[in-house]
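Asks: Take a look at this one; I'll ask things after.
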Amino acid sequence: MRAAVGLMLSHGGAGLEPAMARPDYEQSALHHGSLLVLLRGVGPSRARILQRAFEKVRRVSHIRVTDSAGNPRTIWIRFVHDHPVEHNDWGDFQTHRRLLGLITIGKFDNQTELNELCRLHESLKVRYGSTLYESRAVFFGPDEAILEEKPPSARAPLQEEFSTPSNFKSQAFFYREQDSCGDLEARIGDFASALFWVLESRRLERSREKADKVTLLLAPFEKRDFVGLDMESRNNRKRCVGRVMKNLADLSLQAGLVEEALSLYHNANETLRSVSDSLWVGATEEGLCAASAMLLYPQMRETETLHRNSSLQEAGTSPLKSTPEKWRASDATKKISSNESSTEAGAPPAAVVQQRLTSNSSSCSSVSSLVTTATNSSASDTPTTSSSSTSTLSAAPIPGHQRNGELPGNILKAEEITNYYRKAIINYSKYRNAATVETEAALKASRICIEQNRPLDVAMFLQNILYINLSMSEAERVKRFEIITDLYQQIGYQRKAAFFQRLAALKHVQQGSQAPDWNQSYRLMLGSFTGYLLCLDPLEVLENAAGWPALQIDLVQSLITAARRLGHSALATRHMTFLLQTQWDNMSPTEQSEMAVQLQNLSAQCEGSPVPLVLENGTVIPPANLTDLPYCLDLQVKDLPAHLRPQRIKVAKADSGPFLFTPIHFNSVDRRDKKKDKNKIAFLWVQNDLSEVTVRLRNPLPFELPVTDMRLLTNGVVFESLPQSIVLQPHVPTYVSLHGTPIETGQLDLQGYSTHTLGVKSNCRLKHMRGRSFPPNYLVDVIPALPRIAVKTSLPQTATFSNMNSADIVVTSASLTLYNGESSSCTITITNESSTLSLEHLEVNINSNVEQELQKKIFRIDEEALKAKLPVPPLGSIDFELEVYAEADFVCPQPPASVHSSAAGGEYGASSLTQYSNMSASGHASLPSRVSSPQHRRNDPHHSSFRSTISGAQHSLAALSLQPGGAGPSSLGSQYSQHVEAQVRLKYSGGEALTAGYCRHCAVSFNLELLPSAQITSWDVLPAEVASQFYLVLDISNLTAQEMSLNYTDTKNILIEAKESCRVPIPVDRCSLEQVCAARAAEVAENLERELCFRTQLLSFNDALSKLCSTHIAERVKIKWLLTGTDIQGIASLRGIVLSQSMVDLTAVSPLQWAISFREVSVQPHSENVCTVGQRSLLSIHLTNQSLQPLKNLVLSIKFYQDYLNGMENYNLETRVAISGPNRVAIPLLEKQEQRQHTCSVIFFTPGRFKASIECCSTPAPKEKPSLEENPSLMFTSGYDEQQAHVWKFIPPIEVTVVEAQ
């Protein structure tokens, strides 16, 4: 009943009793076993000077002492910088709240300052005098210049120069300002040892008290609760004994006797619970938790020491902050867990331990018996103090806290600690004056649960703190929110931590606050970014794309407000840019427009720039960029103009052997594709040449968006970017060209572009543009500088450029009109526009729409003269001549039908002979055979001509009738105008680029029109008066509209009217035998090559000889023409003329050498041979084979005839001439240089003029012959030409004049 009344009184009068000023938010369960020491600086603030001393003092976190029984103990020290005096009043309730020691540190320069430091120290002693055991003062005096020059051993002690006042009773340590304070830690250790011995004496005094002599220990607010109560009652005596036993347990815990404290806590708990002393029952339960935690989690002291001494640790952070999954229980917890598992398996030793853990110690009936038991146990048990190292950073478990390597049996298990803390908090919650104790207990429980990896229990304890009714100031409320934030962060509850952190920020600047702290508010809101899944780097926010957009937008807006109130316009602009960059997609169009306007207003005060901002506390605010404002739709790296693009100088590769092909790829293509950089640009840029990148932008805002100072962002080589400005209309894609010049050579990294819009400078990099398939960058190779040239010609330009390939490299044009066979020239001037580079390399080549062979005949350049003019100095110029010749096929093409009809041989019908009867009065039988040639000759690449694909005129010599024919790309007809398109391509280089193998290409477009001039419509070959020549008879037509003067020999000219034709005979020397032999040797070599290459079609000697004769005529016959009244002149060539076999035999020198005598007189050309009628005349013929091969199947024939000189010849002379002997002689084989002679007699019966036709014919060999594969030697031993019939005549015919006998 009285206990209930006391409880009611405690609730009713709580407001009149003293309470703790504020909770100790830094306190943990392990601090129950520490000695509390106040460490404070006195005098003027000199943090840098005294910091070294503070660090040395804090290093003494624990000491090793040996008690009177010889047992080592570990005594832990807790240093605090502030301690309210009211907390000392709770020292009986919990002894770790008493301030036992005082250490002051100060700096003085004279005696007066020293006296002031002593006074301050004594005032602190008086203030905490009720609980202080010992105090020390550390004073730093001045360094004298004279003393600095002396060695340390020669310096006088500082206390000899200065003395403390007489009323200063504490022990003081004096040091020079620059002293290393090497013995300070040892002195602080002695100070802690003195505290221990005082504490140990108090503990022993408390343990020796008699049960009937003990007094009732009270919490500060309990003094009125026991007024008028009977203290001699049984319950009150138990209350007194239980509270004293709990006080003794606290002292034992501080003195390093953890196991003894556990037993005392258990006994006190049982005693106090029996009398329903809830407040003190809660204290014993908290003491049990603290003692158990000291044994189970000794590593918590390491974490505390690291937090205290580490200058790099962020405020409010923990090693478990970002990795809650890596939490682990201590070694002791693991041991208990293993014991539990072994108990379930039925192991007897574990069962005994489990029984000890679950059973409670029996309570003693009196305090004296309890004290005796505790004393005996402390004297007889194994050492209970720590044997760990004195290092403050040691985290090893304390062996002295274990018995025989195991934990004591009465220790709380890990899960029981949480339950006992929960019970203690419930007991504290019954007393309003214990709200501070309840709050601290919840924080201690939270930290233990963090160590146990129990985040839900942590959240439960922290949530309970919010419901505790504490009367505190706003600053203390903010502190509470910050501590809760820190603990939530340690368990990974980032969102809850952010909520309380932002709540603390709002408390700093809430309405009605007389001094709103916007700086702290800004700091806390900035720290809450993590909980809202934000970070200071906008790129990481965009990459994660997590969180709650509405909350994030609200938080950033609050941050912007705080930055504006602080006057940091740069920060406000940066955060608004951050908001637009990260939350653009999460805002409506109206919100986007409003935020853009706000950013524009903020940037008017301070322009935004893409550089990090560093706050006063060292926090770095990364740059924010408006990457999508304006929105980039496309970005293209442009190549240089075609005529400025660098090209590789091609070097002819040496033949390194045969090419081996295999269809097996060995995944080589796949490997090449994987290694190929997708962002590598295929083309090249040139140093000091203007380069271009095209960007397509869209303005997403509903108003015009001016964008200024747009530049390319590059890395690598030095690049000079040119600014660009533009005004973007709403929602309209716009192309923007960005230019720049690479200053160095190497690899240029194009990363994006920079903009200046809405007052913010932004670096818009490709790798940060989301939602588009841009590579992270573009890599462009920059080669050394190349010279630039300007090209002009002496001819007028054409209206349009060429349609040929590579027309984009054309820089100028020229046009020219020529008649077929006419020549002209074009002067091309090249100017080096470079001011620093010389033009060292220049190549000129021509590309046209005609075949290469024909192109070489039309265009000619003196390359040697051009090279002699190099190098061209900077800003210098050179010129060269381009010779142009209007090459054409002047020989009229023959219809294919004529070729087939004439392929049979030398016999023709009467109609054919009549057709050519007007060619010569002699009516030579070889005239119709002028078109006889193998058909495949026209398709032979070695004998190609313009006329090879043209079908044209009728082959009549009497009249010219040209018909349109289709001219292919490799032929130019002479009867129609032709257009030739060509490009004079210039390849030039100089400087380092030439050494690196690069050049530039440009071209001059050349348009050449060829007009028809003269054309040869028909031709034939006739014998001449001498054996060394023949007559080439041509029909030539004038295709122009003017009169033409034709010069066909050195001395002969003829005029041809427009559109008319004429016939001219031209004497030509016959082809020499040496040329025929060379053609034969070339034919044999080519056939051998064809045979070795397994070609089935072999060349015939007739083909080689025909080509030789055609070329022979073309080289020796040049027909010059001149248009009368003008200076237009040219040459008509007979290139490509086709000869029949009979024409070939007349064109080439005969392989037979003739030696003929008549009447034993050698016959000379045009000599007169006279004989009489009836007289026998001897005709002797000598044949010699002059060729290199034998001649086979020859037939020598002699035939007399009379020429009437009107085209008629009479061979029917049986009644006028008689030959004695054969007139036809067969010669099967005539070897090389072999001679044959044939002699016969001739008798003339009538007088007159007779002619003798002496000829030697060869007949074709049989078609069935052994192949060359069977007998390759046949190729070299075969005859002159066994596949064709040949006729070799003695020229001129022998003329015999027969007269009457006298």
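In the structure tokens, each chain is lettered A, B, ... as it comes, each chain's residues begin at 1, and ligands are numbered from 1 in order of appearance.
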Write out as a PDB file with all heavy atoms, in the first residue's frame each polymer residue whose atoms come within 12 Å of A:Asp1050, counting only C-alpha atoms; drop sequence neighbours fewer than 5 positions from it.
Replies:
ATOM      1  N   ILE A1066      48.716   5.451-152.623  1.00  0.00           N
ATOM      2  CA  ILE A1066      49.839   5.865-151.765  1.00  0.00           C
ATOM      3  C   ILE A1066      50.891   4.770-151.807  1.00  0.00           C
ATOM      4  O   ILE A1066      50.622   3.621-151.427  1.00  0.00           O
ATOM      5  CB  ILE A1066      49.385   6.107-150.317  1.00  0.00           C
ATOM      6  CG1 ILE A1066      48.246   7.129-150.268  1.00  0.00           C
ATOM      7  CG2 ILE A1066      50.547   6.553-149.450  1.00  0.00           C
ATOM      8  CD1 ILE A1066      47.645   7.298-148.897  1.00  0.00           C
ATOM      9  N   PRO A1067      52.087   5.088-152.295  1.00  0.00           N
ATOM     10  CA  PRO A1067      53.154   4.074-152.292  1.00  0.00           C
ATOM     11  C   PRO A1067      53.705   3.889-150.869  1.00  0.00           C
ATOM     12  O   PRO A1067      53.965   4.863-150.149  1.00  0.00           O
ATOM     13  CB  PRO A1067      54.206   4.667-153.216  1.00  0.00           C
ATOM     14  CG  PRO A1067      53.979   6.141-153.160  1.00  0.00           C
ATOM     15  CD  PRO A1067      52.512   6.338-152.952  1.00  0.00           C
ATOM     16  N   ARG A1116      53.336   4.232-141.268  1.00  0.00           N
ATOM     17  CA  ARG A1116      53.989   4.875-142.406  1.00  0.00           C
ATOM     18  C   ARG A1116      53.070   5.757-143.219  1.00  0.00           C
ATOM     19  O   ARG A1116      53.545   6.568-144.019  1.00  0.00           O
ATOM     20  CB  ARG A1116      54.625   3.802-143.314  1.00  0.00           C
ATOM     21  CG  ARG A1116      55.939   3.299-142.723  1.00  0.00           C
ATOM     22  CD  ARG A1116      56.349   1.983-143.320  1.00  0.00           C
ATOM     23  NE  ARG A1116      57.647   1.557-142.768  1.00  0.00           N
ATOM     24  CZ  ARG A1116      57.816   1.056-141.571  1.00  0.00           C
ATOM     25  NH1 ARG A1116      56.769   0.922-140.767  1.00  0.00           N
ATOM     26  NH2 ARG A1116      59.020   0.705-141.145  1.00  0.00           N
ATOM     27  N   VAL A1117      51.781   5.615-143.027  1.00  0.00           N
ATOM     28  CA  VAL A1117      50.845   6.417-143.815  1.00  0.00           C
ATOM     29  C   VAL A1117      50.159   7.398-142.874  1.00  0.00           C
ATOM     30  O   VAL A1117      49.430   6.989-141.959  1.00  0.00           O
ATOM     31  CB  VAL A1117      49.812   5.533-144.532  1.00  0.00           C
ATOM     32  CG1 VAL A1117      48.830   6.405-145.301  1.00  0.00           C
ATOM     33  CG2 VAL A1117      50.508   4.555-145.454  1.00  0.00           C
ATOM     34  N   LYS A1118      50.395   8.663-143.004  1.00  0.00           N
ATOM     35  CA  LYS A1118      49.749   9.724-142.246  1.00  0.00           C
ATOM     36  C   LYS A1118      49.123  10.673-143.253  1.00  0.00           C
ATOM     37  O   LYS A1118      49.832  11.334-144.030  1.00  0.00           O
ATOM     38  CB  LYS A1118      50.761  10.477-141.374  1.00  0.00           C
ATOM     39  CG  LYS A1118      51.488   9.608-140.367  1.00  0.00           C
ATOM     40  CD  LYS A1118      50.547   9.065-139.308  1.00  0.00           C
ATOM     41  CE  LYS A1118      51.329   8.256-138.278  1.00  0.00           C
ATOM     42  NZ  LYS A1118      50.425   7.680-137.250  1.00  0.00           N
ATOM     43  N   ILE A1119      47.809  10.780-143.206  1.00  0.00           N
ATOM     44  CA  ILE A1119      47.079  11.629-144.143  1.00  0.00           C
ATOM     45  C   ILE A1119      46.765  12.932-143.432  1.00  0.00           C
ATOM     46  O   ILE A1119      46.000  12.962-142.450  1.00  0.00           O
ATOM     47  CB  ILE A1119      45.807  10.930-144.636  1.00  0.00           C
ATOM     48  CG1 ILE A1119      46.166   9.619-145.319  1.00  0.00           C
ATOM     49  CG2 ILE A1119      45.026  11.836-145.574  1.00  0.00           C
ATOM     50  CD1 ILE A1119      44.968   8.783-145.713  1.00  0.00           C
ATOM     51  N   LYS A1120      47.352  14.000-143.901  1.00  0.00           N
ATOM     52  CA  LYS A1120      47.146  15.303-143.297  1.00  0.00           C
ATOM     53  C   LYS A1120      46.016  16.021-144.008  1.00  0.00           C
ATOM     54  O   LYS A1120      45.936  16.003-145.234  1.00  0.00           O
ATOM     55  CB  LYS A1120      48.430  16.134-143.360  1.00  0.00           C
ATOM     56  CG  LYS A1120      49.611  15.500-142.649  1.00  0.00           C
ATOM     57  CD  LYS A1120      50.857  16.359-142.779  1.00  0.00           C
ATOM     58  CE  LYS A1120      52.041  15.700-142.087  1.00  0.00           C
ATOM     59  NZ  LYS A1120      53.281  16.520-142.205  1.00  0.00           N
TER      60      LYS A1120
END
Asks: Leaving out A:Lys761 and any residue of its chain fewer than 2 positions from it, which residues lie within 8 Å of it when counting only C-alpha atoms, given as a CSV table (one decimal) with C-alpha atoms, in the first residue's frame?
Replies:
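What follows is the written file around_31.csv:
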chain,number,residue,atom,x,y,z
A,607,GLU,CA,25.5,32.7,-63.6
A,608,GLY,CA,25.7,28.9,-63.5
A,609,SER,CA,28.8,27.2,-64.7
A,610,PRO,CA,29.8,23.5,-65.1
A,625,ASN,CA,24.2,20.5,-66.8
A,754,SER,CA,28.6,23.1,-74.5
A,755,THR,CA,25.6,25.6,-74.3
A,756,HIS,CA,24.7,28.7,-72.5
A,757,THR,CA,21.0,28.9,-72.0
A,759,GLY,CA,21.8,31.8,-67.8
A,763,ASN,CA,28.5,20.7,-70.9
Asks: Quick one: residues within 8 Å of A:Val60, only C-alpha atoms counted, chain neighbours fewer than 3 positions away excluded, as a PyMOL selection string?
Replies: chain A and resi 56-57+63+77+185+188-189+392
Asks: Please indicate the distance in Å from atom CA of A:Ala604 to atom CA of A:Thr708, rounded to one decimal place.
Replies: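 Calculated distance between atom CA of A:Ala604 and atom CA of A:Thr708 is 15.3 Å.
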Asks: Just want the 12 Å neighbourhood of A:Leu712, counted on only C-alpha atoms, with same-chain residues fewer than 2 positions away dropped. Output as a ChimeraX atom specification.
Replies: /A:635,637,691-695,709-710,714-715,718-724,736-742,748-755,762-766,777-778
Asks: Determine, counting only C-alpha atoms, which protein, DNA and RNA residues have an atom within 10 Å of an atom of stretch 581-584 of chain A; residues of the same chain fewer than 6 positions away are not included. Present the result as a ChimeraX atom specification.
Replies: /A:534,537-543,545,549-550,552-553,575,591-592,595,624-629
Asks: Those residues with N, CA, C and O atoms, as a PDB file, in the first residue's frame please?
Replies:
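Generated file (again.pdb):
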ATOM      1  N   LEU A 534      18.488  10.228 -53.552  1.00  0.00           N
ATOM      2  CA  LEU A 534      19.138  11.261 -54.343  1.00  0.00           C
ATOM      3  C   LEU A 534      20.611  11.300 -53.969  1.00  0.00           C
ATOM      4  O   LEU A 534      21.018  10.765 -52.926  1.00  0.00           O
ATOM      5  N   ASP A 537      25.413  14.139 -57.213  1.00  0.00           N
ATOM      6  CA  ASP A 537      25.789  14.006 -58.622  1.00  0.00           C
ATOM      7  C   ASP A 537      24.543  13.738 -59.449  1.00  0.00           C
ATOM      8  O   ASP A 537      23.908  12.694 -59.306  1.00  0.00           O
ATOM      9  N   PRO A 538      24.135  14.657 -60.307  1.00  0.00           N
ATOM     10  CA  PRO A 538      22.909  14.424 -61.092  1.00  0.00           C
ATOM     11  C   PRO A 538      23.026  13.242 -62.041  1.00  0.00           C
ATOM     12  O   PRO A 538      22.013  12.606 -62.366  1.00  0.00           O
ATOM     13  N   LEU A 539      24.222  12.921 -62.471  1.00  0.00           N
ATOM     14  CA  LEU A 539      24.376  11.795 -63.395  1.00  0.00           C
ATOM     15  C   LEU A 539      24.024  10.480 -62.719  1.00  0.00           C
ATOM     16  O   LEU A 539      23.385   9.603 -63.315  1.00  0.00           O
ATOM     17  N   GLU A 540      24.407  10.356 -61.443  1.00  0.00           N
ATOM     18  CA  GLU A 540      24.068   9.141 -60.712  1.00  0.00           C
ATOM     19  C   GLU A 540      22.567   9.059 -60.452  1.00  0.00           C
ATOM     20  O   GLU A 540      21.982   7.979 -60.495  1.00  0.00           O
ATOM     21  N   VAL A 541      21.937  10.197 -60.205  1.00  0.00           N
ATOM     22  CA  VAL A 541      20.479  10.206 -60.007  1.00  0.00           C
ATOM     23  C   VAL A 541      19.778   9.738 -61.273  1.00  0.00           C
ATOM     24  O   VAL A 541      18.846   8.919 -61.230  1.00  0.00           O
ATOM     25  N   LEU A 542      20.218  10.240 -62.408  1.00  0.00           N
ATOM     26  CA  LEU A 542      19.595   9.845 -63.668  1.00  0.00           C
ATOM     27  C   LEU A 542      19.860   8.380 -63.983  1.00  0.00           C
ATOM     28  O   LEU A 542      19.007   7.691 -64.550  1.00  0.00           O
ATOM     29  N   GLU A 543      21.018   7.902 -63.607  1.00  0.00           N
ATOM     30  CA  GLU A 543      21.337   6.499 -63.885  1.00  0.00           C
ATOM     31  C   GLU A 543      20.506   5.561 -63.026  1.00  0.00           C
ATOM     32  O   GLU A 543      20.018   4.543 -63.513  1.00  0.00           O
ATOM     33  N   ALA A 545      17.569   6.347 -61.391  1.00  0.00           N
ATOM     34  CA  ALA A 545      16.149   6.576 -61.687  1.00  0.00           C
ATOM     35  C   ALA A 545      15.271   5.918 -60.624  1.00  0.00           C
ATOM     36  O   ALA A 545      14.354   5.144 -60.918  1.00  0.00           O
ATOM     37  N   PRO A 549       9.515  10.905 -57.021  1.00  0.00           N
ATOM     38  CA  PRO A 549       9.754  12.208 -57.671  1.00  0.00           C
ATOM     39  C   PRO A 549       9.124  13.383 -56.942  1.00  0.00           C
ATOM     40  O   PRO A 549       9.736  14.445 -56.823  1.00  0.00           O
ATOM     41  N   ALA A 550       7.900  13.218 -56.456  1.00  0.00           N
ATOM     42  CA  ALA A 550       7.244  14.344 -55.797  1.00  0.00           C
ATOM     43  C   ALA A 550       8.021  14.779 -54.558  1.00  0.00           C
ATOM     44  O   ALA A 550       8.225  15.983 -54.318  1.00  0.00           O
ATOM     45  N   GLN A 552      11.206  14.169 -53.969  1.00  0.00           N
ATOM     46  CA  GLN A 552      12.508  14.672 -54.383  1.00  0.00           C
ATOM     47  C   GLN A 552      12.415  16.109 -54.873  1.00  0.00           C
ATOM     48  O   GLN A 552      13.268  16.945 -54.549  1.00  0.00           O
ATOM     49  N   ILE A 553      11.385  16.413 -55.651  1.00  0.00           N
ATOM     50  CA  ILE A 553      11.215  17.782 -56.143  1.00  0.00           C
ATOM     51  C   ILE A 553      11.002  18.744 -54.987  1.00  0.00           C
ATOM     52  O   ILE A 553      11.580  19.839 -54.934  1.00  0.00           O
ATOM     53  N   HIS A 575      21.431  24.200 -57.660  1.00  0.00           N
ATOM     54  CA  HIS A 575      20.386  23.252 -57.272  1.00  0.00           C
ATOM     55  C   HIS A 575      19.186  23.329 -58.210  1.00  0.00           C
ATOM     56  O   HIS A 575      18.544  22.304 -58.481  1.00  0.00           O
ATOM     57  N   GLU A 591       4.938  22.847 -65.235  1.00  0.00           N
ATOM     58  CA  GLU A 591       5.990  22.903 -64.226  1.00  0.00           C
ATOM     59  C   GLU A 591       7.357  23.099 -64.876  1.00  0.00           C
ATOM     60  O   GLU A 591       8.205  23.831 -64.342  1.00  0.00           O
ATOM     61  N   GLN A 592       7.584  22.462 -65.999  1.00  0.00           N
ATOM     62  CA  GLN A 592       8.862  22.641 -66.694  1.00  0.00           C
ATOM     63  C   GLN A 592       9.071  24.099 -67.070  1.00  0.00           C
ATOM     64  O   GLN A 592      10.159  24.656 -66.873  1.00  0.00           O
ATOM     65  N   MET A 595       9.714  26.179 -63.858  1.00  0.00           N
ATOM     66  CA  MET A 595      11.060  25.964 -63.324  1.00  0.00           C
ATOM     67  C   MET A 595      12.111  26.619 -64.208  1.00  0.00           C
ATOM     68  O   MET A 595      13.114  27.152 -63.708  1.00  0.00           O
ATOM     69  N   ALA A 624      26.076  20.562 -62.502  1.00  0.00           N
ATOM     70  CA  ALA A 624      24.815  20.120 -63.108  1.00  0.00           C
ATOM     71  C   ALA A 624      24.705  20.772 -64.475  1.00  0.00           C
ATOM     72  O   ALA A 624      25.014  21.956 -64.638  1.00  0.00           O
ATOM     73  N   ASN A 625      24.282  19.999 -65.455  1.00  0.00           N
ATOM     74  CA  ASN A 625      24.221  20.463 -66.830  1.00  0.00           C
ATOM     75  C   ASN A 625      22.826  20.247 -67.396  1.00  0.00           C
ATOM     76  O   ASN A 625      22.198  19.217 -67.127  1.00  0.00           O
ATOM     77  N   LEU A 626      22.370  21.219 -68.165  1.00  0.00           N
ATOM     78  CA  LEU A 626      21.073  21.088 -68.844  1.00  0.00           C
ATOM     79  C   LEU A 626      21.287  20.294 -70.128  1.00  0.00           C
ATOM     80  O   LEU A 626      21.288  20.836 -71.237  1.00  0.00           O
ATOM     81  N   THR A 627      21.469  18.987 -69.948  1.00  0.00           N
ATOM     82  CA  THR A 627      21.798  18.142 -71.093  1.00  0.00           C
ATOM     83  C   THR A 627      20.666  18.086 -72.111  1.00  0.00           C
ATOM     84  O   THR A 627      20.913  18.046 -73.321  1.00  0.00           O
ATOM     85  N   ASP A 628      19.424  18.106 -71.642  1.00  0.00           N
ATOM     86  CA  ASP A 628      18.276  17.962 -72.537  1.00  0.00           C
ATOM     87  C   ASP A 628      17.564  19.276 -72.778  1.00  0.00           C
ATOM     88  O   ASP A 628      16.392  19.285 -73.183  1.00  0.00           O
ATOM     89  N   LEU A 629      18.215  20.365 -72.514  1.00  0.00           N
ATOM     90  CA  LEU A 629      17.587  21.670 -72.737  1.00  0.00           C
ATOM     91  C   LEU A 629      18.609  22.587 -73.423  1.00  0.00           C
ATOM     92  O   LEU A 629      19.465  23.153 -72.755  1.00  0.00           O
TER      93      LEU A 629
END
Asks: If you run DSSP on the backbone here, which positions in stretch 75-119 of chain A get helix (DSSP H, G or I)? Please write them as a list in words.
Replies: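 Restricting stretch 75-119 of chain A to helix (DSSP H, G or I) produces Val85, Glu86, His87, Asn88, Asp89, Trp90, Thr95, His96, Arg97, Gln111, Thr112, Glu113, Leu114, Asn115, Glu116, Leu117, Cys118 and Arg119 of chain A.
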Asks: Could those selected residues go to a file with N, CA and C atoms, as a JSON list (two decimals), in the first residue's frame?
Replies:
[["chain", "number", "residue", "atom", "x", "y", "z"],
["A", 85, "VAL", "N", 25.85, 19.65, -14.15],
["A", 85, "VAL", "CA", 26.01, 19.33, -12.73],
["A", 85, "VAL", "C", 24.86, 18.47, -12.24],
["A", 86, "GLU", "N", 23.65, 18.67, -12.81],
["A", 86, "GLU", "CA", 22.49, 17.91, -12.33],
["A", 86, "GLU", "C", 22.66, 16.41, -12.54],
["A", 87, "HIS", "N", 23.50, 16.03, -13.53],
["A", 87, "HIS", "CA", 23.68, 14.60, -13.76],
["A", 87, "HIS", "C", 24.39, 13.93, -12.60],
["A", 88, "ASN", "N", 25.18, 14.68, -11.85],
["A", 88, "ASN", "CA", 25.87, 14.08, -10.70],
["A", 88, "ASN", "C", 24.89, 13.64, -9.63],
["A", 89, "ASP", "N", 23.72, 14.32, -9.59],
["A", 89, "ASP", "CA", 22.73, 13.96, -8.57],
["A", 89, "ASP", "C", 22.17, 12.56, -8.80],
["A", 90, "TRP", "N", 22.32, 12.07, -10.06],
["A", 90, "TRP", "CA", 21.83, 10.72, -10.38],
["A", 90, "TRP", "C", 22.93, 9.69, -10.18],
["A", 95, "THR", "N", 25.99, 4.86, -11.12],
["A", 95, "THR", "CA", 27.26, 5.48, -10.73],
["A", 95, "THR", "C", 28.06, 5.99, -11.92],
["A", 96, "HIS", "N", 27.81, 5.47, -13.15],
["A", 96, "HIS", "CA", 28.60, 5.92, -14.30],
["A", 96, "HIS", "C", 28.24, 7.35, -14.69],
["A", 97, "ARG", "N", 27.17, 7.90, -14.05],
["A", 97, "ARG", "CA", 26.80, 9.28, -14.35],
["A", 97, "ARG", "C", 27.61, 10.27, -13.51],
["A", 111, "GLN", "N", 52.47, 35.24, -16.28],
["A", 111, "GLN", "CA", 51.99, 34.78, -14.97],
["A", 111, "GLN", "C", 50.52, 35.11, -14.78],
["A", 112, "THR", "N", 50.10, 36.24, -15.30],
["A", 112, "THR", "CA", 48.68, 36.62, -15.13],
["A", 112, "THR", "C", 47.77, 35.61, -15.80],
["A", 113, "GLU", "N", 48.12, 35.23, -17.00],
["A", 113, "GLU", "CA", 47.30, 34.24, -17.71],
["A", 113, "GLU", "C", 47.34, 32.90, -17.00],
["A", 114, "LEU", "N", 48.48, 32.56, -16.40],
["A", 114, "LEU", "CA", 48.56, 31.31, -15.66],
["A", 114, "LEU", "C", 47.63, 31.37, -14.45],
["A", 115, "ASN", "N", 47.61, 32.47, -13.76],
["A", 115, "ASN", "CA", 46.72, 32.60, -12.60],
["A", 115, "ASN", "C", 45.25, 32.45, -13.02],
["A", 116, "GLU", "N", 44.92, 32.99, -14.18],
["A", 116, "GLU", "CA", 43.55, 32.89, -14.65],
["A", 116, "GLU", "C", 43.21, 31.44, -14.98],
["A", 117, "LEU", "N", 44.15, 30.73, -15.58],
["A", 117, "LEU", "CA", 43.90, 29.31, -15.87],
["A", 117, "LEU", "C", 43.70, 28.51, -14.58],
["A", 118, "CYS", "N", 44.48, 28.83, -13.57],
["A", 118, "CYS", "CA", 44.32, 28.13, -12.29],
["A", 118, "CYS", "C", 42.96, 28.44, -11.67],
["A", 119, "ARG", "N", 42.54, 29.69, -11.79],
["A", 119, "ARG", "CA", 41.24, 30.05, -11.23],
["A", 119, "ARG", "C", 40.12, 29.29, -11.93]]
Asks: May I ask which of the residues A:Ile858, A:Val872, A:Ala1114, A:Ala865 is the closest one to A:His841, counting only C-alpha atoms?
Replies: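 When distances to A:His841 are compared using only C-alpha atoms, the smallest one comes from A:Val872.
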Asks: Just checking: using only C-alpha atoms, which residue out of A:Ser278, A:Gln978, A:Asn1007, A:Ser1140 ends up closest to A:Val1021?
Replies: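 Result for the nearest residue to A:Val1021: A:Ser1140.
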Asks: Using Å and a single decimal, report how far atom CA of A:Leu456 sits from atom CA of A:Leu555.
Replies: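 Taking atom CA of A:Leu555 as the start and atom CA of A:Leu456 as the end point, the length is 26.8 Å.
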Asks: Write out as a ChimeraX atom specification each polymer residue whose atoms come within 7 Å of A:Arg985, counting only C-alpha atoms; drop sequence neighbours fewer than 5 positions from it.
Replies: /A:844-846,1001-1004
Asks: Ranking A:Asp1203, A:Glu474, A:Asp1145, A:Asp486 by minimum distance to A:Pro516 and counting only C-alpha atoms, which one comes first?
Replies: A:Glu474
Asks: Can you work out which one of A:Asp1127, A:Glu851, A:Glu1083, A:Glu55 has the shortest atom-to-atom distance to A:Leu1108, counting only C-alpha atoms?
Replies: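 Checking each of A:Asp1127, A:Glu851, A:Glu1083, A:Glu55 against A:Leu1108, counting only C-alpha atoms, the winner is A:Glu1083.
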